[in-house]
Amino acid sequence: MKFRVLSGVALASAATLGIGMLTGGAAVSSIGTSTQVTAVSAAAVDPVYGVCRGLDPECFNEDGGNGWVEGEEKRVLIWSRTAGPRHAHLGTPLPPGLNPPLATNNVAQAALKSWLVGRGIAVDYTEDLSQFTDLERYQTVINLSGNRDTFDPAAEAELVGYLQGGGGFVGIHNAFGAEYDWPYYEGLLGNANFLNHGPNREGTVEVINDQDVSTSFMPDTWQFKDEFYNLDPFPTNVNVLLEVDPVTSMARPQGHGAVHPLSWCQYYDGAKAWLTTLGHDAAAWTDAPLPGEEFFAQHVIAGIESTMGIQPFCAAPADNVPEVSVTPRMLGSTVYVSVSATNTAAVPATIKVEASFGSKTFTNVAPDATVSVSLNTRVKTLPLPTGSVTVTATGERFGNPFTATATGGYDSYYGVCRGVDAECFNEEGGNGWVEGEDKRVLIWSRTAGPRHAHLGSPLPAGLNPPLAANNVAQAALKSWLEESGIAVDYTEDLTQFTNLERYQTVINLSGNRDTFDPAAQDRLVAYVRGGGGFVGIHNAFGAEYDWKYYEGLLGNANFLNHGPNREGTVEVINNRDTSTSFMPETWLFKDEWYNLRPFPDGVNVLLEVDPVTSQARPDGHGEHHPISWCQYYDGAKAWLTTLGHDVAAWTDAPLPGDQFFKQHVVAGIHSTMGITPFCAA
């Protein structure tokens with residue numbers, strides 16, 4: 001994970017560059033024979049280039065007429081004129097005119113034309129300065145490795161007028177080796193110019209912003225072969241999309257060092273500009289095999305379409321926060337907190353760990369480095385509240401400051417990611433159900449304490465032993481799930497509590513006290529972390545009192561005591577979840593309403609029982625009395641209910657609300673398996 005939001009501008013005198021002056025809120029640009037005065041926010045005006053540029057869409061001239069609108073022909077211009085060393089992918093110089101015949105070695109021009117025509121985009125191409133005119137015909141102008149003094153003064157003025165009219169611009173590879181004496185063009189490239197490059201070699205491309213249309217289809221990293229450019233100046237105030245890792249880039253000392261951008265986008269003086277230094281190797285433009293070439297082609301095409309207005313342009317990156325782990329440790333009756341925080345930025349940062357009971361600041365923390373601190377102040381409240389430790393990281397990236405803060409997504413008491421944030425679910429773990437797989441669950445009902453009547457007599461050893469007539473809860477739950485096409489295994493045999501990856505959900509059906517031995521605990525933890533589902537029903541809350549991890553899995557909750565088995569009013573707190581959406585606002589049900597300590601927190605409460613009905617004792621939880629909830633926990637989806645005591649809830653005997661109870665439990669199980677949406681907000 002990386003900090004991906006860039007802001008700020010380079011601070012230098014525009015007057016010293018002779019390209020513009022900042023007057024109040026207006027940017028005045030004088031390039032060639034063109035003078036444009038644009039009223040913009042002073043904050044959006046770049047004092048170096050004297051134009052509105054950066055990440056603010058207000059810098060785009062939406063009314064200029066040069067962008068594509070529905071119903072218009074889609075058309076671009078490819079420009080590849082060189083006035084310096086010519087890249088092999090361009091082949092021999094093109095003859096004069098518009099769309100002259102392409103030679104067999106004009107591979108980049110031919111490939112880009114083919115890719116775009118395949119997307120329904122008409123393509124003109126030229127290297128003839130007399131044809132660089134009437135640019136308003138095009139939604140985007142593409143500089144494909146056109147280098148050195150590629151534009152004459154008339155072409156410069158033509159390009160400026162086109163950009164200020166809301167056109168699109170794409171610069172590919174040696175477009176960065178062009179127009180060294182034209183500061184306006186350097187700003188168009190994002191305050192960047194070619195300095196030098198390393199050898200043409202394979203490197204690891206890192207996706208910095210996966211929200212943009214030109215990167216959203218990519219894995220986090222991928223291999224590509226290029227002569228990775230070093231830039232001076234270095235791009236600032238742009239939306240960086242891709243980088244190459246600094247070891248692979250072989251950046252020279254005068255290069256840009258720890259971070260090495262490859263592709264970025266920005267708004268510039270009315271235009272949309274998308275830039276990439278990639279594209280050196282001829283194999284990237286041909287059918288010759290090259291690692292990552294499919295990503296390169298799609299990257300370029302999507303970038304072009306975004307500048308044209310066909311697709312969204314330059315999407316803001318997702319916010320990222322430091323990676324934090326918080327581990328409590330006990331010493332007598334005192335809790336001490338150990339905190340680790342990792343700098344996820346690609347540049348050094350300052351990390352401050354703070355809480356109401358202490359803080360510490362670390363400066364100049366290297367990328368990917370981890371700092372640790374023990375906040376050795378006594379914490380008298382047990383357990384610690386979720387989010388009780390805040391970690392703030394500050395630093396500078398591409399010359400721009402950033403700040404990111406982590407305040408949630410982890411539990412400071414159980415030391416795991418838990419709560420209502422879906423990022424705590426391990427989607428790629430493999431233990432959840434995916435389309436085409438068998439649907440299968442395991443019912444666990446082993447008891448090591450008082451046994452509820454709905455469980456009946458203990459089950460014989462083995463997997464799926466014969467059920468006795470009094471094993472009503474196991475039989476009912478098995479029948480209900482099989483009705484919806486789910487295969488069911490059940491057991492109370494610890495030797496059978498294995499190979500849990502066979503199941504999309506493990507259900508603890510009133511299995512209580514020390515129901516798991518150490519080996520079973522380890523297997524359950526591995527299964528949970530692998531993205532499995534967990535359902536706890538009724539006296540599952542009376543289990544594993546000495547295993548904190550399990551208490552956290554239940555939502556920071558444990559059985560304390562209960563009132564009499566009596567009818568009460570169930571109140572629907574969240575009617576958007578699949579396990580509650582079919583219910584009326586209140587309904588009657590009969591149960592021995594559990595009092596819990598600790599009391600569930602950081603969870604999505606689905607149902608409560610009204611406090612008069614619950615007959616909560618003074619040492620119970622009082623005014624609010626949750627009876628069903630859900631959460632993400634350490635990779636898993638966990639759905640919990642204290643309901644299910646009465647035998648009639650599991651049989652055909654009449655019981656008010658038993659139809660809602662059945663549907664509630666089945667839908668909760670489905671959601672943990674991945675069949676239906678889980679834990680709706």
# chains A, B, ... in the order shown; residues from 1 in each chain; ligands from 1
call {"tool": "residues_around", "arguments": {"residues": "Gly166 of chain A", "least_positions_apart": "3", "cutoff": "10 Å", "atoms": "only C-alpha atoms", "output": "PyMOL selection string"}}
result
chain A and resi 59-68+136+139-140+161-163+169+267-272+307-308
call {"tool": "residues_around", "arguments": {"residues": "Asp646 of chain A", "least_positions_apart": "3", "cutoff": "9 Å", "atoms": "only C-alpha atoms", "output": "VMD selection string"}}
result
chain A and resid 453 to 454 565 590 to 592 643 649 to 650 655
call {"tool": "atom_distance", "arguments": {"atom1": "atom CA of Tyr49 of chain A", "atom2": "atom CA of Tyr180 of chain A"}}
result
14.0 Å
call {"tool": "atom_distance", "arguments": {"atom1": "atom CA of Ser214 of chain A", "atom2": "atom CA of Val244 of chain A"}}
result
16.1 Å
call {"tool": "closest_residue", "arguments": {"among": "A:Lys637, A:Arg597, A:Lys225, A:Arg576", "to": "Ala681 of chain A", "atoms": "only C-alpha atoms"}}
result
A:Arg576
call {"tool": "closest_residue", "arguments": {"among": "A:Leu144, A:Val107, A:Cys424, A:Leu262", "to": "Tyr633 of chain A", "atoms": "only C-alpha atoms"}}
result
A:Cys424
call {"tool": "select_by_dssp", "arguments": {"residues": "segment 184-220 of chain A", "states": "alpha helix (DSSP H)", "output": "ChimeraX atom specification"}}
result
/A:184-188
call {"tool": "residues_around", "arguments": {"residues": "Ala302 of chain A", "least_positions_apart": "6", "cutoff": "12 Å", "atoms": "only C-alpha atoms", "output": "list in words"}}
result
Trp115, Leu116, Arg119, Val170, Asp212, Val213, Ser214, Thr215, Ser216, Phe217, Trp274, Leu275, Phe295, Phe296, Met308, Gly309, Ile310, Gln311, Pro312, Phe313 and Cys314 of chain A
call {"tool": "residues_around", "arguments": {"residues": "Ala178 of chain A", "least_positions_apart": "6", "cutoff": "7 Å", "atoms": "only C-alpha atoms", "output": "VMD selection string"}}
result
chain A and resid 146 to 150
call {"tool": "write_last_selection", "arguments": {"atoms": "all heavy atoms", "output": "PDB file, in the first residue's frame"}}
result
ATOM      1  N   GLY A 146       7.891  11.922 -30.628  1.00  0.00           N
ATOM      2  CA  GLY A 146       8.403  13.061 -31.389  1.00  0.00           C
ATOM      3  C   GLY A 146       9.317  13.888 -30.503  1.00  0.00           C
ATOM      4  O   GLY A 146       8.888  14.367 -29.457  1.00  0.00           O
ATOM      5  N   ASN A 147      10.593  14.090 -30.926  1.00  0.00           N
ATOM      6  CA  ASN A 147      11.560  14.641 -29.980  1.00  0.00           C
ATOM      7  C   ASN A 147      12.284  15.885 -30.484  1.00  0.00           C
ATOM      8  O   ASN A 147      12.111  16.318 -31.615  1.00  0.00           O
ATOM      9  CB  ASN A 147      12.562  13.565 -29.561  1.00  0.00           C
ATOM     10  CG  ASN A 147      13.460  13.101 -30.699  1.00  0.00           C
ATOM     11  OD1 ASN A 147      13.513  13.713 -31.769  1.00  0.00           O
ATOM     12  ND2 ASN A 147      14.178  12.004 -30.458  1.00  0.00           N
ATOM     13  N   ARG A 148      13.082  16.449 -29.588  1.00  0.00           N
ATOM     14  CA  ARG A 148      13.862  17.671 -29.792  1.00  0.00           C
ATOM     15  C   ARG A 148      12.928  18.796 -30.275  1.00  0.00           C
ATOM     16  O   ARG A 148      11.842  18.955 -29.750  1.00  0.00           O
ATOM     17  CB  ARG A 148      15.047  17.421 -30.733  1.00  0.00           C
ATOM     18  CG  ARG A 148      16.021  16.349 -30.213  1.00  0.00           C
ATOM     19  CD  ARG A 148      16.689  16.736 -28.901  1.00  0.00           C
ATOM     20  NE  ARG A 148      17.398  15.615 -28.298  1.00  0.00           N
ATOM     21  CZ  ARG A 148      18.670  15.303 -28.546  1.00  0.00           C
ATOM     22  NH1 ARG A 148      19.382  16.021 -29.414  1.00  0.00           N
ATOM     23  NH2 ARG A 148      19.243  14.279 -27.948  1.00  0.00           N
ATOM     24  N   ASP A 149      13.332  19.594 -31.269  1.00  0.00           N
ATOM     25  CA  ASP A 149      12.503  20.724 -31.698  1.00  0.00           C
ATOM     26  C   ASP A 149      11.457  20.220 -32.689  1.00  0.00           C
ATOM     27  O   ASP A 149      11.487  20.524 -33.895  1.00  0.00           O
ATOM     28  CB  ASP A 149      13.377  21.807 -32.321  1.00  0.00           C
ATOM     29  CG  ASP A 149      14.311  22.434 -31.298  1.00  0.00           C
ATOM     30  OD1 ASP A 149      13.901  22.546 -30.128  1.00  0.00           O
ATOM     31  OD2 ASP A 149      15.438  22.791 -31.665  1.00  0.00           O
ATOM     32  N   THR A 150      10.523  19.470 -32.164  1.00  0.00           N
ATOM     33  CA  THR A 150       9.533  18.811 -33.017  1.00  0.00           C
ATOM     34  C   THR A 150       8.475  19.771 -33.538  1.00  0.00           C
ATOM     35  O   THR A 150       7.833  19.506 -34.541  1.00  0.00           O
ATOM     36  CB  THR A 150       8.898  17.632 -32.260  1.00  0.00           C
ATOM     37  OG1 THR A 150       8.055  16.897 -33.128  1.00  0.00           O
ATOM     38  CG2 THR A 150       8.091  18.112 -31.047  1.00  0.00           C
TER      39      THR A 150
END
call {"tool": "closest_residue", "arguments": {"among": "A:Val420, A:Val391, A:Leu494, A:Val570", "to": "Asp517 of chain A", "atoms": "only C-alpha atoms"}}
result
A:Leu494
call {"tool": "atom_distance", "arguments": {"atom1": "atom CA of Pro656 of chain A", "atom2": "atom CA of Ser479 of chain A"}}
result
20.5 Å
call {"tool": "select_by_dssp", "arguments": {"residues": "segment 454-644 of chain A", "states": "strand (DSSP E)", "output": "ChimeraX atom specification"}}
result
/A:487-491,505-509,533-537,559-572,586-596,604-609,626-633,636-641
call {"tool": "residues_around", "arguments": {"residues": "segment 87-99 of chain A", "least_positions_apart": "5", "cutoff": "6 Å", "atoms": "only C-alpha atoms", "output": "list in words"}}
result
Asn105, Asn106, Val107, Ala108, Asp124, Tyr125, Thr126, Asp128 and Ala282 of chain A
call {"tool": "residues_around", "arguments": {"residues": "Met583 of chain A", "least_positions_apart": "3", "cutoff": "12 Å", "atoms": "only C-alpha atoms", "output": "list of chain:residue names"}}
result
A:Val570, A:Glu571, A:Val572, A:Ile573, A:Asn574, A:Asn575, A:Arg576, A:Asp577, A:Thr578, A:Ser579, A:Thr580, A:Thr586, A:Trp587, A:Leu588, A:Leu606, A:Leu607, A:Gly657, A:Asp658, A:Gln659, A:Phe660, A:Phe661, A:Lys662, A:Gln663, A:His664
